[in-house]
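Shown next, in structure tokens, is the structure this report addresses.
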Amino acid sequence: MATEDISGHLGLRRKNYSDASGSPMPTLRALLPTTTALFPDSQLMFRRRIAVIGAGAAGLVAARELRREGHSVVVFERGHGVGGTWVYTPAIESDPLGLDPNRKIVHSSLYDSLRTNLPRECMGFSDYPFVAITENSDNDRRRFPGHREVLRYLEDFSRDTDLNGMIRFGTEVISVEMEGEGRWAVRSLKIDDGRADDETEVYEGVVVCNGHHTEPRIAEIPGIETWPGKQIHSHNYRMPQPFTGQVVVIIGSATSSADISRELAGFAKEVHVASRTSRVKIPMKQPGYDNLWLHSMIDKTFSDGTVAFQDGCSVQVDVIMHCTGYKYRFPFLRSDDIIDVDDNRVVPLYKHVFPPFAAPYISFIGLPWKVVPFPLCELQSRWVAGVLSGRIALPAPEEMMGDVKAFYSDMEQAKRPKRYTHNIADYQLQPNNS
């Protein structure tokens with residue numbers, strides 16, 4: 001796009017957005033402590049050199065907000081384009097369950113038919129709305145568009161906000177290690193024409209935006225060691241055709257399970273969904289399908305290929321697919337005393353962003369799930385950028401740690417499992433009085 005066209009392109013997005021339902025940003029400000037809801041007009045105190053890990057939605061908006069605040073930013077992206085998890089590939093991993101530590105990791109978990117489960121009006125950044133661009137007939141104009149349209153949006157955002165020059169493509173962060181307060185040694189590896197360039201640089205802050213839809217979580221199933229069928233995690237599902245004529249059990253009842261089970265029903269002989277939260281006492285055939293059933297959880301598997309459910313039903317099964325979510329993983333972090341992952345709780349993090357005793361020099365963007373993700377990442381990034389410049393003050397480390405412990409205590413009192421720590425669906429839009 002020519003330079004003279006960029007302002008018009010941005011203007012079109014702004015105009016269409018304001019003509020729609022309006023920006024969601026004022027409501028989503030509830031995600032931040034109220035002390036940062038209004039920023040004071042003050043001189044910037046620090047301009048730091050910041051490393052951002054990942055050029056998906058979180059990394060892109062973090063880079064934009066950090067630059068706006070006056071920081072010098074380098075974004076590390078191991079892929080060859082922006083978009084992170086929104087970059088579809090038909091490739092799958094050599095281990096369909098994703099358990100082999102030596103497998104070649106495929107970052108994206110997208111299946112070919114995936115569409116957003118949020119309307120596009122909720123998905124854009126505050127000043128760059130996700131509107132349907134009508135000039136190109138190839139664009140997906142649906143209100144709940146497919147993943148290719150989301151990737152186009154992120155590519156447009158990166159280009160129009162001039163972020164591409166800040167990104168080191170094809171460069172993987174190998175290690176991040178603290179060298180002292182506010183100093184981080186970032187070691188990266190760039191693969192170029194088969195030659196590997198290994199480099200270590202020192203930064204004054206690190207913003208982690210590596211996503212959390214790559215490392216599969218697997219259900220524990222009694223008897224699975226001797227069960228002879230095939231297992232796969234939805235991370236490695238792309239299209240339904242390979243399952244033609246087979247009997248498939250899907251474990252899980254969230255969005256990916258709902259999407260994939262219905263898609264598979266058009267090709268598989270039978271599809272059986274096993275849900276831990278289901279209260280059904282007998283198998284329930286799903287409306288509109290002759291070969292799709294909802295069950296309670298798997299009770300046991302057997303060496304003859306049978307899968308028995310807790311509702312008393314038994315089925316001869318070819319494939320078990322785990323639609324069971326993902327683990328948080330930060331393999332490049334070398335300072336073990338900063339954070340840990342305990343039953344998928346990234347601990348300790350103040351407001352899901354700052355480790356209290358390493359703040360503000362390392363932060364994490366986009367960890368919460370069951371959220372409106374792009375606006376969330378924008379607000380978190382704006383907060384991080386302002387704290388790093390000194391324009392916004394964090395509480396003392398001990399106070400932040402007290403807040404973290406109180407949050408964990410509230411979860412325990414409510415009998416919420418640790419793995420739901422970063423599930424903020426129930427309160428993401430509530431006012432924050434902290």
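Each chain in the structure tokens gets a letter, A, B, ..., in the order shown, and its residues are numbered from 1; ligands are numbered from 1 in order too.
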
Output as JSON lines one row per residue of range 83-136 of chain A within 12 Å of range 59-66 of chain A: the closest atom pair and its distance in Å to one decimal place, counting only C-alpha atoms, sorted by chain and residue number ascending.
{"residue": "A:Gly83", "atom": "CA", "partner": "A:Leu60", "partner_atom": "CA", "distance": 8.5}
{"residue": "A:Gly84", "atom": "CA", "partner": "A:Gly59", "partner_atom": "CA", "distance": 8.8}
{"residue": "A:Thr85", "atom": "CA", "partner": "A:Gly59", "partner_atom": "CA", "distance": 11.5}
{"residue": "A:Gly124", "atom": "CA", "partner": "A:Val61", "partner_atom": "CA", "distance": 10.8}
{"residue": "A:Phe125", "atom": "CA", "partner": "A:Val61", "partner_atom": "CA", "distance": 8.2}
{"residue": "A:Ser126", "atom": "CA", "partner": "A:Val61", "partner_atom": "CA", "distance": 10.6}
{"residue": "A:Asp127", "atom": "CA", "partner": "A:Val61", "partner_atom": "CA", "distance": 11.2}
{"residue": "A:Tyr128", "atom": "CA", "partner": "A:Val61", "partner_atom": "CA", "distance": 10.7}

Discussion item. Just want the 9 Å neighbourhood of range 386-389 of chain A, counted on only C-alpha atoms, with same-chain residues fewer than 4 positions away dropped. Output as a VMD selection string.
Written reply: chain A and resid 39 44 to 48 65 to 66 69 to 71 205 360 to 361 381 to 382 393 to 394

Find the spatial neighbours of range 110-115 of chain A, counting only C-alpha atoms, within a cut-off of 12 Å - ignore same-chain residues fewer than 6 positions away - and output them as a compact mmCIF listing (two decimals) with all heavy atoms, in the first residue's frame.
# COMPACT_ATOMS: atom_id res chain seq x y z
N GLY A 83 1.63 -12.49 13.62
CA GLY A 83 0.36 -13.17 13.79
C GLY A 83 0.34 -14.24 14.86
O GLY A 83 -0.71 -14.58 15.38
N GLY A 84 1.50 -14.82 15.18
CA GLY A 84 1.55 -15.82 16.25
C GLY A 84 0.63 -16.99 15.97
O GLY A 84 0.70 -17.64 14.93
N THR A 85 -0.27 -17.24 16.90
CA THR A 85 -1.16 -18.39 16.79
C THR A 85 -2.13 -18.27 15.63
O THR A 85 -2.74 -19.26 15.21
CB THR A 85 -1.93 -18.59 18.11
OG1 THR A 85 -2.50 -19.90 18.13
CG2 THR A 85 -3.05 -17.57 18.25
N TRP A 86 -2.28 -17.06 15.06
CA TRP A 86 -3.20 -16.85 13.95
C TRP A 86 -2.56 -17.15 12.60
O TRP A 86 -3.20 -16.94 11.55
CB TRP A 86 -3.74 -15.42 13.98
CG TRP A 86 -4.64 -15.19 15.15
CD1 TRP A 86 -4.32 -14.57 16.33
CD2 TRP A 86 -5.99 -15.62 15.29
NE1 TRP A 86 -5.38 -14.58 17.18
CE2 TRP A 86 -6.43 -15.22 16.57
CE3 TRP A 86 -6.88 -16.30 14.45
CZ2 TRP A 86 -7.72 -15.47 17.03
CZ3 TRP A 86 -8.16 -16.55 14.91
CH2 TRP A 86 -8.57 -16.15 16.19
N VAL A 87 -1.34 -17.64 12.58
CA VAL A 87 -0.70 -18.07 11.34
C VAL A 87 -1.02 -19.55 11.14
O VAL A 87 -0.45 -20.42 11.81
CB VAL A 87 0.82 -17.84 11.39
CG1 VAL A 87 1.48 -18.34 10.10
CG2 VAL A 87 1.14 -16.37 11.61
N TYR A 88 -1.93 -19.84 10.24
CA TYR A 88 -2.33 -21.24 10.00
C TYR A 88 -1.26 -21.98 9.22
O TYR A 88 -0.63 -21.45 8.31
CB TYR A 88 -3.64 -21.28 9.20
CG TYR A 88 -4.02 -22.68 8.77
CD1 TYR A 88 -4.60 -23.56 9.68
CD2 TYR A 88 -3.77 -23.13 7.49
CE1 TYR A 88 -4.94 -24.85 9.30
CE2 TYR A 88 -4.11 -24.42 7.09
CZ TYR A 88 -4.70 -25.28 8.01
OH TYR A 88 -5.03 -26.55 7.64
N THR A 89 -1.05 -23.23 9.59
CA THR A 89 -0.21 -24.13 8.83
C THR A 89 -0.86 -25.50 8.81
O THR A 89 -1.40 -25.95 9.83
CB THR A 89 1.21 -24.24 9.42
OG1 THR A 89 1.94 -25.26 8.71
CG2 THR A 89 1.17 -24.62 10.91
N PRO A 90 -0.82 -26.19 7.66
CA PRO A 90 -1.33 -27.56 7.64
C PRO A 90 -0.40 -28.55 8.34
O PRO A 90 -0.79 -29.69 8.60
CB PRO A 90 -1.43 -27.87 6.13
CG PRO A 90 -0.43 -26.97 5.50
CD PRO A 90 -0.42 -25.72 6.33
N ALA A 91 0.80 -28.11 8.66
CA ALA A 91 1.77 -28.99 9.31
C ALA A 91 1.31 -29.36 10.71
O ALA A 91 0.70 -28.55 11.41
CB ALA A 91 3.14 -28.31 9.37
N ILE A 92 1.60 -30.58 11.11
CA ILE A 92 1.35 -31.02 12.48
C ILE A 92 2.63 -31.60 13.05
O ILE A 92 3.60 -31.85 12.32
CB ILE A 92 0.20 -32.06 12.55
CG1 ILE A 92 0.55 -33.30 11.72
CG2 ILE A 92 -1.10 -31.44 12.09
CD1 ILE A 92 -0.45 -34.43 11.87
N ASP A 140 -12.84 -11.68 4.10
CA ASP A 140 -13.95 -12.34 4.79
C ASP A 140 -14.73 -11.27 5.55
O ASP A 140 -14.24 -10.73 6.55
CB ASP A 140 -13.38 -13.39 5.74
CG ASP A 140 -14.45 -14.20 6.46
OD1 ASP A 140 -15.64 -13.82 6.39
OD2 ASP A 140 -14.08 -15.21 7.09
N ARG A 141 -15.93 -10.96 5.11
CA ARG A 141 -16.68 -9.85 5.70
C ARG A 141 -17.64 -10.30 6.79
O ARG A 141 -18.40 -9.49 7.33
CB ARG A 141 -17.47 -9.12 4.60
CG ARG A 141 -16.59 -8.63 3.47
CD ARG A 141 -17.42 -8.01 2.36
NE ARG A 141 -16.61 -7.81 1.16
CZ ARG A 141 -17.08 -7.34 0.02
NH1 ARG A 141 -18.36 -7.02 -0.07
NH2 ARG A 141 -16.29 -7.19 -1.02
N ARG A 142 -17.62 -11.58 7.13
CA ARG A 142 -18.56 -12.07 8.13
C ARG A 142 -18.27 -11.44 9.49
O ARG A 142 -17.14 -11.07 9.80
CB ARG A 142 -18.46 -13.60 8.24
CG ARG A 142 -18.92 -14.33 6.99
CD ARG A 142 -18.67 -15.82 7.10
NE ARG A 142 -17.24 -16.13 7.14
CZ ARG A 142 -16.77 -17.38 7.21
NH1 ARG A 142 -17.60 -18.41 7.26
NH2 ARG A 142 -15.46 -17.58 7.23
N ARG A 143 -19.30 -11.34 10.29
CA ARG A 143 -19.13 -10.75 11.62
C ARG A 143 -18.27 -11.64 12.51
O ARG A 143 -17.54 -11.16 13.38
CB ARG A 143 -20.51 -10.53 12.26
CG ARG A 143 -20.45 -9.62 13.47
CD ARG A 143 -21.83 -9.31 14.02
NE ARG A 143 -21.77 -8.19 14.94
CZ ARG A 143 -22.79 -7.80 15.68
NH1 ARG A 143 -23.95 -8.44 15.60
NH2 ARG A 143 -22.67 -6.78 16.49
N PHE A 144 -18.35 -12.95 12.30
CA PHE A 144 -17.49 -13.91 12.99
C PHE A 144 -16.58 -14.52 11.93
O PHE A 144 -16.84 -15.61 11.41
CB PHE A 144 -18.33 -14.99 13.67
CG PHE A 144 -19.21 -14.47 14.78
CD1 PHE A 144 -20.45 -13.93 14.51
CD2 PHE A 144 -18.77 -14.52 16.10
CE1 PHE A 144 -21.27 -13.45 15.53
CE2 PHE A 144 -19.57 -14.04 17.13
CZ PHE A 144 -20.82 -13.50 16.84
N PRO A 145 -15.51 -13.83 11.58
CA PRO A 145 -14.72 -14.24 10.42
C PRO A 145 -13.81 -15.43 10.71
O PRO A 145 -13.60 -15.82 11.86
CB PRO A 145 -13.88 -12.99 10.12
CG PRO A 145 -13.73 -12.33 11.45
CD PRO A 145 -15.01 -12.58 12.18
N GLY A 146 -13.28 -15.99 9.64
CA GLY A 146 -12.32 -17.07 9.76
C GLY A 146 -10.94 -16.56 10.16
O GLY A 146 -10.66 -15.36 10.16
N HIS A 147 -10.07 -17.51 10.46
CA HIS A 147 -8.75 -17.14 10.99
C HIS A 147 -7.90 -16.36 10.00
O HIS A 147 -7.07 -15.54 10.38
CB HIS A 147 -8.00 -18.39 11.47
CG HIS A 147 -7.79 -19.43 10.42
ND1 HIS A 147 -6.80 -19.37 9.47
CD2 HIS A 147 -8.45 -20.59 10.17
CE1 HIS A 147 -6.84 -20.43 8.71
NE2 HIS A 147 -7.84 -21.19 9.10
N ARG A 148 -8.10 -16.56 8.71
CA ARG A 148 -7.30 -15.84 7.72
C ARG A 148 -7.59 -14.35 7.75
O ARG A 148 -6.69 -13.53 7.54
CB ARG A 148 -7.55 -16.42 6.33
CG ARG A 148 -7.02 -17.84 6.17
CD ARG A 148 -7.48 -18.50 4.88
NE ARG A 148 -6.96 -19.86 4.78
CZ ARG A 148 -7.56 -20.93 5.34
NH1 ARG A 148 -8.69 -20.78 6.03
NH2 ARG A 148 -7.02 -22.13 5.22
N GLU A 149 -8.83 -13.98 8.04
CA GLU A 149 -9.19 -12.57 8.15
C GLU A 149 -8.55 -11.95 9.39
O GLU A 149 -8.13 -10.78 9.36
CB GLU A 149 -10.71 -12.42 8.20
CG GLU A 149 -11.21 -11.00 8.36
CD GLU A 149 -11.13 -10.16 7.10
OE1 GLU A 149 -10.58 -10.65 6.09
OE2 GLU A 149 -11.60 -9.02 7.13
N VAL A 150 -8.45 -12.71 10.48
CA VAL A 150 -7.79 -12.19 11.69
C VAL A 150 -6.31 -11.95 11.40
O VAL A 150 -5.75 -10.93 11.81
CB VAL A 150 -7.97 -13.16 12.87
CG1 VAL A 150 -7.30 -12.59 14.12
CG2 VAL A 150 -9.44 -13.43 13.14
N LEU A 151 -5.69 -12.89 10.69
CA LEU A 151 -4.28 -12.70 10.35
C LEU A 151 -4.09 -11.46 9.46
O LEU A 151 -3.15 -10.69 9.67
CB LEU A 151 -3.74 -13.94 9.65
CG LEU A 151 -2.26 -13.86 9.22
CD1 LEU A 151 -1.36 -13.61 10.43
CD2 LEU A 151 -1.84 -15.12 8.48
N HIS A 213 -1.01 -21.41 23.50
CA HIS A 213 -1.82 -22.40 22.79
C HIS A 213 -0.92 -23.34 21.98
O HIS A 213 -1.23 -23.68 20.83
CB HIS A 213 -2.83 -21.71 21.86
CG HIS A 213 -3.88 -20.95 22.58
ND1 HIS A 213 -3.81 -19.59 22.79
CD2 HIS A 213 -5.03 -21.36 23.17
CE1 HIS A 213 -4.88 -19.19 23.47
NE2 HIS A 213 -5.63 -20.24 23.72
N THR A 214 0.18 -23.75 22.60
CA THR A 214 1.15 -24.60 21.88
C THR A 214 1.47 -25.87 22.63
O THR A 214 1.68 -26.92 22.01
CB THR A 214 2.44 -23.80 21.61
OG1 THR A 214 2.14 -22.69 20.77
CG2 THR A 214 3.49 -24.66 20.93
N HIS A 233 -4.05 -34.74 20.20
CA HIS A 233 -4.55 -33.52 20.83
C HIS A 233 -5.07 -32.60 19.73
O HIS A 233 -4.55 -32.60 18.60
CB HIS A 233 -3.45 -32.83 21.63
CG HIS A 233 -3.94 -31.71 22.50
ND1 HIS A 233 -4.13 -30.43 22.02
CD2 HIS A 233 -4.30 -31.66 23.81
CE1 HIS A 233 -4.58 -29.65 22.99
NE2 HIS A 233 -4.68 -30.37 24.09
N SER A 234 -6.07 -31.79 20.04
CA SER A 234 -6.64 -30.90 19.04
C SER A 234 -5.62 -29.92 18.48
O SER A 234 -5.82 -29.36 17.39
CB SER A 234 -7.83 -30.13 19.62
OG SER A 234 -7.44 -29.39 20.77
N HIS A 235 -4.51 -29.71 19.18
CA HIS A 235 -3.42 -28.89 18.65
C HIS A 235 -2.98 -29.39 17.27
O HIS A 235 -2.55 -28.59 16.42
CB HIS A 235 -2.24 -28.92 19.63
CG HIS A 235 -1.01 -28.22 19.14
ND1 HIS A 235 -0.95 -26.87 18.94
CD2 HIS A 235 0.21 -28.71 18.79
CE1 HIS A 235 0.26 -26.54 18.50
NE2 HIS A 235 0.97 -27.64 18.39
N ASN A 236 -3.09 -30.68 17.05
CA ASN A 236 -2.65 -31.28 15.79
C ASN A 236 -3.81 -31.68 14.87
O ASN A 236 -3.62 -32.48 13.95
CB ASN A 236 -1.76 -32.49 16.08
CG ASN A 236 -0.40 -32.07 16.61
OD1 ASN A 236 0.32 -31.31 15.96
ND2 ASN A 236 -0.06 -32.52 17.81
N TYR A 237 -4.98 -31.13 15.12
CA TYR A 237 -6.13 -31.33 14.23
C TYR A 237 -6.17 -30.20 13.21
O TYR A 237 -6.06 -29.03 13.57
CB TYR A 237 -7.43 -31.36 15.03
CG TYR A 237 -8.67 -31.39 14.15
CD1 TYR A 237 -9.10 -32.58 13.58
CD2 TYR A 237 -9.38 -30.22 13.89
CE1 TYR A 237 -10.24 -32.61 12.78
CE2 TYR A 237 -10.51 -30.24 13.09
CZ TYR A 237 -10.93 -31.43 12.53
OH TYR A 237 -12.04 -31.45 11.72
N ARG A 238 -6.35 -30.55 11.94
CA ARG A 238 -6.45 -29.54 10.89
C ARG A 238 -7.74 -29.68 10.06
O ARG A 238 -8.44 -28.72 9.83
CB ARG A 238 -5.23 -29.63 9.95
CG ARG A 238 -3.89 -29.32 10.63
CD ARG A 238 -3.81 -27.89 11.12
NE ARG A 238 -2.51 -27.59 11.73
CZ ARG A 238 -2.27 -27.65 13.02
NH1 ARG A 238 -3.25 -28.01 13.87
NH2 ARG A 238 -1.07 -27.36 13.50
N MET A 239 -8.03 -30.91 9.61
CA MET A 239 -9.18 -31.15 8.75
C MET A 239 -9.86 -32.46 9.15
O MET A 239 -9.20 -33.35 9.72
CB MET A 239 -8.77 -31.20 7.28
CG MET A 239 -8.24 -29.89 6.73
SD MET A 239 -7.85 -30.04 4.96
CE MET A 239 -7.37 -28.36 4.59
N PRO A 240 -11.14 -32.63 8.82
CA PRO A 240 -11.87 -33.83 9.26
C PRO A 240 -11.66 -35.05 8.37
O PRO A 240 -11.93 -36.18 8.81
CB PRO A 240 -13.32 -33.38 9.22
CG PRO A 240 -13.36 -32.36 8.13
CD PRO A 240 -12.04 -31.63 8.21
N GLN A 241 -11.19 -34.88 7.15
CA GLN A 241 -11.16 -36.00 6.20
C GLN A 241 -10.36 -37.21 6.68
O GLN A 241 -10.77 -38.36 6.42
CB GLN A 241 -10.62 -35.52 4.85
CG GLN A 241 -11.58 -34.64 4.07
CD GLN A 241 -11.55 -33.18 4.49
OE1 GLN A 241 -10.87 -32.84 5.47
NE2 GLN A 241 -12.27 -32.33 3.79
N THR A 255 -14.95 -24.68 23.49
CA THR A 255 -15.22 -24.24 22.12
C THR A 255 -14.64 -25.18 21.07
O THR A 255 -15.31 -25.53 20.09
CB THR A 255 -14.67 -22.83 21.92
OG1 THR A 255 -15.21 -21.97 22.92
CG2 THR A 255 -15.06 -22.28 20.55
N SER A 256 -13.37 -25.57 21.24
CA SER A 256 -12.76 -26.42 20.22
C SER A 256 -13.46 -27.76 20.13
O SER A 256 -13.64 -28.31 19.03
CB SER A 256 -11.27 -26.62 20.52
OG SER A 256 -11.07 -27.26 21.76
N SER A 257 -13.89 -28.31 21.24
CA SER A 257 -14.63 -29.57 21.23
C SER A 257 -15.94 -29.42 20.47
O SER A 257 -16.31 -30.28 19.65
CB SER A 257 -14.91 -30.03 22.66
OG SER A 257 -15.81 -31.12 22.68
N ALA A 258 -16.66 -28.32 20.72
CA ALA A 258 -17.93 -28.10 20.03
C ALA A 258 -17.73 -27.96 18.52
O ALA A 258 -18.46 -28.56 17.72
CB ALA A 258 -18.61 -26.85 20.59
N ASP A 259 -16.71 -27.19 18.13
CA ASP A 259 -16.43 -27.00 16.70
C ASP A 259 -16.04 -28.32 16.03
O ASP A 259 -16.61 -28.70 15.00
CB ASP A 259 -15.27 -26.02 16.52
CG ASP A 259 -15.69 -24.57 16.64
OD1 ASP A 259 -16.89 -24.30 16.78
OD2 ASP A 259 -14.80 -23.70 16.59
N ILE A 260 -15.06 -28.98 16.61
CA ILE A 260 -14.48 -30.16 15.96
C ILE A 260 -15.46 -31.32 15.94
O ILE A 260 -15.55 -32.06 14.95
CB ILE A 260 -13.15 -30.54 16.65
CG1 ILE A 260 -12.12 -29.42 16.43
CG2 ILE A 260 -12.62 -31.87 16.12
CD1 ILE A 260 -10.85 -29.59 17.24
N ARG A 262 -18.70 -31.33 15.74
CA ARG A 262 -19.70 -31.12 14.69
C ARG A 262 -19.10 -31.26 13.30
O ARG A 262 -19.74 -31.78 12.38
CB ARG A 262 -20.37 -29.76 14.87
CG ARG A 262 -21.35 -29.74 16.03
CD ARG A 262 -21.69 -28.34 16.51
NE ARG A 262 -22.73 -28.37 17.53
CZ ARG A 262 -22.55 -28.73 18.80
NH1 ARG A 262 -21.34 -29.10 19.22
NH2 ARG A 262 -23.56 -28.74 19.65
N GLU A 263 -17.88 -30.80 13.14
CA GLU A 263 -17.23 -30.96 11.84
C GLU A 263 -16.94 -32.43 11.55
O GLU A 263 -17.15 -32.91 10.44
CB GLU A 263 -15.94 -30.14 11.81
CG GLU A 263 -15.24 -30.18 10.47
CD GLU A 263 -14.14 -29.15 10.36
OE1 GLU A 263 -13.09 -29.33 11.01
OE2 GLU A 263 -14.31 -28.16 9.61
N LEU A 264 -16.45 -33.15 12.56
CA LEU A 264 -16.15 -34.56 12.37
C LEU A 264 -17.39 -35.39 12.08
O LEU A 264 -17.33 -36.40 11.37
CB LEU A 264 -15.45 -35.12 13.62
CG LEU A 264 -13.98 -34.79 13.81
CD1 LEU A 264 -13.47 -35.43 15.09
CD2 LEU A 264 -13.15 -35.24 12.62

Worksheet item: Which neighbours of range 156-173 of chain A fall inside 9 Å, counting only C-alpha atoms, when residues of the same chain fewer than 6 positions from it are skipped, and could you give them as an NGL selection string?
Response: :A and (6-7 or 9-10 or 53-55 or 60-61 or 63-64 or 73-82 or 128 or 186-192 or 332)
